[in-house]
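Asker: Questions regarding the structure given below will be posed in turn.
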Amino acid sequence: MTATAPALTVDEVRTWALGAPSLIVVTLVGSLVLRWTVHRVITRVVRAAVSRHEERLTRESRTERVITSATGVAPERQVQRMETLAAILRSLATFAIYGIAVLTCMAIIGIPLAPLLASAGVGGVALGFGAQSLVKDFLSGIFMIIEDQYGVGDYIDTGEAIGFVEDVSLRVTKLSDKVGRVWYVRNGEILRVANHTQGWSLAVVDMPVAYDEDITSATEIIQTALEQIHDDPQWRDVLLAPPRVAGVESVTGGAIGIRIEARCTATFAPDVQRVIRERVKAALDAAGVRGPVIAVPGMAPPPPA
């Protein structure tokens, strides 16, 4: 006797089609629509934040713009940070929405989720123990980006490596030092960061003059040269304040050291120090202020001018 399959009526087929398949289709379409909506909202929020930041910068004065650049909050830096945060939020939203959609479809089909979730929990714990360093790197990378500790182009000191940041990801930071070596530092291994680009720098120069020179006259000559540097258009946007003569820093047997301090934008301290030495020496030479005399054994000191 041959078994025959039960015949399905039109109402039964309609009931089945309007049941689980329809719910699965609605769930998948709804997840796609929700993902598109969330991504669009994130993008619009980021664009609005960038627009407000650019409008605020257009109303700033030249001094405020210099300080903004010196503290590491330039428009490009803010845009880069916001875009990175938007990418992270979009990825997290996609993972959460698709994960919930898959679990919902499995529940509609009738697959018991309790054993699956229990197994996933045990597997997640095992995977967490085996990938602790990877999770640590990702979490450190997320907080590093949110807190804006550093960005591409910054000159940082991570303790293990010092150099310019070439690339930043959630797992590693790529550095290039001054001799051309490329360092890949895991974010989880960075315990402290010294950012030489954010904030401002203090250029310090000690100019030596002969012991018997008049300190007051030498100081006035140096201050005049410093004012000319500050008025120079090439250095006006670099210097955050007029350079000043701090005073006598050292007194030795044949020289007096006069200290000069200049507050400038970050990473420009070596350039400012070089131009100060060049301009101040030229001014002292033009005024006839002698430098310290180097004593050579067996030679008589030169007569005073």
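Each chain in the structure tokens gets a letter, A, B and so on, in the order shown; residues start at 1 in every chain, and ligands are counted from 1 in the order they appear.
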Among stretch 95-283 of chain A, which residues does DSSP mark as strand (DSSP E or B) when it is run on the backbone? Keep the chain and numbering as in the structure and answer as a PyMOL selection string.
Answerer: chain A and resi 155-157+162-168+172-176+182-186+194-195+200-210+239+244-251+255-265
Asker: Show which residues sit within 12 Å of A:Asp214, as an MDAnalysis selection string. Count only C-alpha atoms, and ignore same-chain residues fewer than 4 positions away.
Answerer: chainID A and resid 209:210 218:221 248 255:256 258 284 287:291
Asker: Can those selected residues be exported to a file as an mmCIF file, in the first residue's frame so that it contains C-alpha atoms?
Answerer:
```cif
data_model
loop_
_atom_site.group_PDB
_atom_site.id
_atom_site.type_symbol
_atom_site.label_atom_id
_atom_site.label_comp_id
_atom_site.auth_asym_id
_atom_site.auth_seq_id
_atom_site.Cartn_x
_atom_site.Cartn_y
_atom_site.Cartn_z
ATOM 1 C CA VAL A 209 78.115 87.175 26.343
ATOM 2 C CA ALA A 210 81.490 88.169 27.729
ATOM 3 C CA ALA A 218 72.947 93.490 26.037
ATOM 4 C CA THR A 219 69.433 92.771 27.314
ATOM 5 C CA GLU A 220 68.000 95.784 25.470
ATOM 6 C CA ILE A 221 69.689 94.728 22.226
ATOM 7 C CA VAL A 248 70.694 86.054 33.645
ATOM 8 C CA ALA A 255 80.712 84.260 30.276
ATOM 9 C CA ILE A 256 77.259 85.313 31.339
ATOM 10 C CA ILE A 258 71.178 85.370 29.201
ATOM 11 C CA LEU A 284 74.872 91.532 19.266
ATOM 12 C CA ALA A 287 76.252 96.413 18.432
ATOM 13 C CA GLY A 288 79.789 95.279 19.261
ATOM 14 C CA VAL A 289 78.793 93.047 22.171
ATOM 15 C CA ARG A 290 81.482 90.412 22.533
ATOM 16 C CA GLY A 291 80.894 86.790 23.179
#
```
Asker: Identify, with DSSP run on backbone atoms, the residues in stretch 123-254 of chain A assigned to helix (DSSP H, G or I), and express the list as number ranges by chain.
Answerer: A: 123-130, 132-147, 187-189, 215-231, 233-236
Asker: Export, as a compact mmCIF listing (two decimals), in the first residue's frame, the selected residues with N, CA and C atoms.
Answerer:
```txt
# COMPACT_ATOMS: atom_id res chain seq x y z
N GLY A 123 30.85 29.58 24.81
CA GLY A 123 31.88 29.84 23.80
C GLY A 123 32.45 31.23 23.90
N GLY A 124 31.58 32.20 24.23
CA GLY A 124 32.07 33.57 24.38
C GLY A 124 33.04 33.72 25.53
N VAL A 125 32.74 33.01 26.63
CA VAL A 125 33.66 33.06 27.78
C VAL A 125 35.01 32.44 27.40
N ALA A 126 34.97 31.29 26.72
CA ALA A 126 36.22 30.66 26.30
C ALA A 126 36.99 31.53 25.32
N LEU A 127 36.25 32.13 24.37
CA LEU A 127 36.90 33.00 23.41
C LEU A 127 37.46 34.25 24.10
N GLY A 128 36.73 34.74 25.11
CA GLY A 128 37.22 35.92 25.83
C GLY A 128 38.52 35.64 26.55
N PHE A 129 38.64 34.45 27.17
CA PHE A 129 39.90 34.11 27.82
C PHE A 129 41.03 33.96 26.82
N GLY A 130 40.71 33.43 25.64
CA GLY A 130 41.77 33.23 24.65
C GLY A 130 42.13 34.48 23.88
N GLN A 132 41.98 37.79 25.15
CA GLN A 132 41.96 38.93 26.07
C GLN A 132 42.76 40.11 25.51
N SER A 133 43.92 39.81 24.93
CA SER A 133 44.76 40.89 24.40
C SER A 133 44.07 41.59 23.24
N LEU A 134 43.36 40.82 22.39
CA LEU A 134 42.68 41.43 21.25
C LEU A 134 41.54 42.33 21.73
N VAL A 135 40.76 41.85 22.70
CA VAL A 135 39.68 42.68 23.25
C VAL A 135 40.25 43.92 23.92
N LYS A 136 41.36 43.76 24.62
CA LYS A 136 42.00 44.90 25.27
C LYS A 136 42.44 45.93 24.26
N ASP A 137 43.00 45.45 23.12
CA ASP A 137 43.44 46.38 22.07
C ASP A 137 42.26 47.15 21.49
N PHE A 138 41.14 46.45 21.25
CA PHE A 138 39.98 47.12 20.66
C PHE A 138 39.37 48.14 21.62
N LEU A 139 39.23 47.76 22.88
CA LEU A 139 38.66 48.70 23.85
C LEU A 139 39.56 49.91 24.03
N SER A 140 40.87 49.68 24.09
CA SER A 140 41.80 50.81 24.22
C SER A 140 41.73 51.71 22.99
N GLY A 141 41.59 51.11 21.80
CA GLY A 141 41.49 51.91 20.59
C GLY A 141 40.22 52.75 20.56
N ILE A 142 39.11 52.18 21.04
CA ILE A 142 37.85 52.94 21.06
C ILE A 142 37.95 54.12 22.00
N PHE A 143 38.46 53.90 23.21
CA PHE A 143 38.57 55.00 24.17
C PHE A 143 39.61 56.01 23.72
N MET A 144 40.67 55.57 23.05
CA MET A 144 41.67 56.49 22.55
C MET A 144 41.08 57.43 21.51
N ILE A 145 40.23 56.90 20.63
CA ILE A 145 39.61 57.73 19.60
C ILE A 145 38.57 58.67 20.23
N ILE A 146 37.79 58.15 21.17
CA ILE A 146 36.77 58.98 21.80
C ILE A 146 37.40 60.14 22.57
N GLU A 147 38.48 59.85 23.30
CA GLU A 147 39.15 60.88 24.10
C GLU A 147 40.09 61.75 23.28
N ASN A 187 47.40 48.98 20.70
CA ASN A 187 46.75 49.98 21.54
C ASN A 187 46.66 49.55 22.98
N GLY A 188 46.49 48.26 23.21
CA GLY A 188 46.38 47.77 24.58
C GLY A 188 47.68 47.84 25.35
N GLU A 189 48.81 47.97 24.65
CA GLU A 189 50.11 48.04 25.31
C GLU A 189 50.54 49.48 25.57
N ILE A 215 75.27 94.15 31.11
CA ILE A 215 74.11 93.27 30.99
C ILE A 215 72.88 94.05 30.55
N THR A 216 72.71 95.26 31.05
CA THR A 216 71.52 96.05 30.70
C THR A 216 71.49 96.36 29.21
N SER A 217 72.64 96.79 28.66
CA SER A 217 72.69 97.09 27.23
C SER A 217 72.48 95.84 26.39
N ALA A 218 73.11 94.74 26.78
CA ALA A 218 72.95 93.49 26.04
C ALA A 218 71.49 93.03 26.07
N THR A 219 70.84 93.18 27.21
CA THR A 219 69.43 92.77 27.31
C THR A 219 68.55 93.61 26.41
N GLU A 220 68.80 94.92 26.34
CA GLU A 220 68.00 95.78 25.47
C GLU A 220 68.20 95.42 24.00
N ILE A 221 69.42 95.12 23.62
CA ILE A 221 69.69 94.73 22.23
C ILE A 221 68.97 93.43 21.90
N ILE A 222 69.03 92.48 22.81
CA ILE A 222 68.37 91.18 22.58
C ILE A 222 66.86 91.37 22.49
N GLN A 223 66.28 92.19 23.36
CA GLN A 223 64.83 92.40 23.35
C GLN A 223 64.39 93.06 22.06
N THR A 224 65.18 93.99 21.53
CA THR A 224 64.84 94.63 20.26
C THR A 224 64.83 93.61 19.13
N ALA A 225 65.82 92.71 19.13
CA ALA A 225 65.86 91.65 18.11
C ALA A 225 64.67 90.71 18.23
N LEU A 226 64.25 90.42 19.46
CA LEU A 226 63.10 89.54 19.67
C LEU A 226 61.81 90.19 19.17
N GLU A 227 61.67 91.48 19.37
CA GLU A 227 60.49 92.18 18.88
C GLU A 227 60.43 92.16 17.35
N GLN A 228 61.59 92.26 16.71
CA GLN A 228 61.61 92.18 15.25
C GLN A 228 61.20 90.80 14.77
N ILE A 229 61.59 89.75 15.51
CA ILE A 229 61.16 88.40 15.14
C ILE A 229 59.65 88.27 15.28
N HIS A 230 59.10 88.82 16.34
CA HIS A 230 57.65 88.71 16.56
C HIS A 230 56.87 89.48 15.50
N ASP A 231 57.42 90.57 14.99
CA ASP A 231 56.75 91.35 13.96
C ASP A 231 56.93 90.77 12.56
N PRO A 233 56.25 88.57 9.53
CA PRO A 233 55.07 87.77 9.12
C PRO A 233 55.35 86.28 9.08
N GLN A 234 56.59 85.88 8.86
CA GLN A 234 56.92 84.46 8.80
C GLN A 234 56.73 83.78 10.14
N TRP A 235 56.93 84.51 11.23
CA TRP A 235 56.87 83.92 12.57
C TRP A 235 55.70 84.44 13.40
N ARG A 236 54.88 85.31 12.83
CA ARG A 236 53.79 85.90 13.61
C ARG A 236 52.76 84.86 14.03
```
Asker: Hey, what's within 8 Å of stretch 94-105 of chain A if we count only C-alpha atoms and toss same-chain stuff fewer than 4 positions away? As JSON, numbers by chain, please?
Answerer: {"A": [23, 24, 27, 28, 31, 34, 35, 90, 109, 113]}
Asker: Tell me, as a PyMOL selection string, which residues lie within 6 Å of A:Thr197, counting only C-alpha atoms; anything in the same chain fewer than 2 positions away does not count.
Answerer: chain A and resi 154-155+195+266-267
Asker: Between atom CA of A:Ala241 and atom CA of A:Glu213, what is the spacing in Å?
Answerer: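 Separating atom CA of A:Glu213 from atom CA of A:Ala241 is a distance of 28.4 Å.
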Asker: Pick out the closest residue to A:Tyr211 from this set: A:Ile276, A:Thr252, A:Val33, A:Arg52. Count only C-alpha atoms.
Answerer: A:Thr252
Asker: Env of A:Arg181: 12 Å cut, atoms = only C-alpha atoms, seq-sep filter 2 positions within chain, self excluded. Answer as a VMD selection string.
Answerer: chain A and resid 161 to 164 166 174 to 179 183 to 184
Asker: With a distance cut-off of 12 Å and only C-alpha atoms, select the neighbouring residues of stretch 39-41 of chain A, excluding the residue or stretch itself and same-chain residues fewer than 3 positions from it, and output the selection as a list of chain:residue names.
Answerer: A:Leu32, A:Val33, A:Leu34, A:Arg35, A:Trp36, A:Arg44, A:Val45, A:Val46, A:Arg47, A:Ala48, A:Ala86, A:Ala87, A:Ile88, A:Leu89, A:Arg90, A:Ser91, A:Leu92, A:Ala93, A:Thr94, A:Ile97
Asker: Keeping C-alpha atoms, export the residues of the selection given above as a short mmCIF file (atom, residue, chain, number, x, y, z; two decimals), in the first residue's frame.
Answerer:
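What follows is the written file part_2.cif:
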```cif
data_model
loop_
_atom_site.label_atom_id
_atom_site.label_comp_id
_atom_site.auth_asym_id
_atom_site.auth_seq_id
_atom_site.Cartn_x
_atom_site.Cartn_y
_atom_site.Cartn_z
CA LEU A 32 17.46 46.78 6.52
CA VAL A 33 15.24 49.86 6.86
CA LEU A 34 16.27 50.34 10.49
CA ARG A 35 19.95 50.02 9.62
CA TRP A 36 19.61 52.57 6.79
CA ARG A 44 23.47 63.78 9.61
CA VAL A 45 24.48 64.28 13.24
CA VAL A 46 28.17 64.19 12.30
CA ARG A 47 27.65 66.63 9.41
CA ALA A 48 25.73 69.01 11.66
CA ALA A 86 30.68 57.81 13.12
CA ALA A 87 32.29 54.76 11.51
CA ILE A 88 32.48 53.01 14.89
CA LEU A 89 28.84 53.81 15.67
CA ARG A 90 27.69 52.60 12.24
CA SER A 91 29.58 49.32 12.67
CA LEU A 92 28.15 48.74 16.15
CA ALA A 93 24.63 49.58 14.97
CA THR A 94 24.90 47.19 12.00
CA ILE A 97 20.53 45.19 14.28
#
```
Asker: In Å, rounded to a single decimal, give me how far atom CA of A:Arg186 is from atom CA of A:Ile42.
Answerer: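 Computed distance, atom CA of A:Ile42 to atom CA of A:Arg186, equals 28.3 Å.
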Asker: What is the atom CA of A:Pro292 to atom CA of A:Leu202 distance in Å?
Answerer: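 According to the coordinates, atom CA of A:Pro292 and atom CA of A:Leu202 are separated by 25.6 Å.
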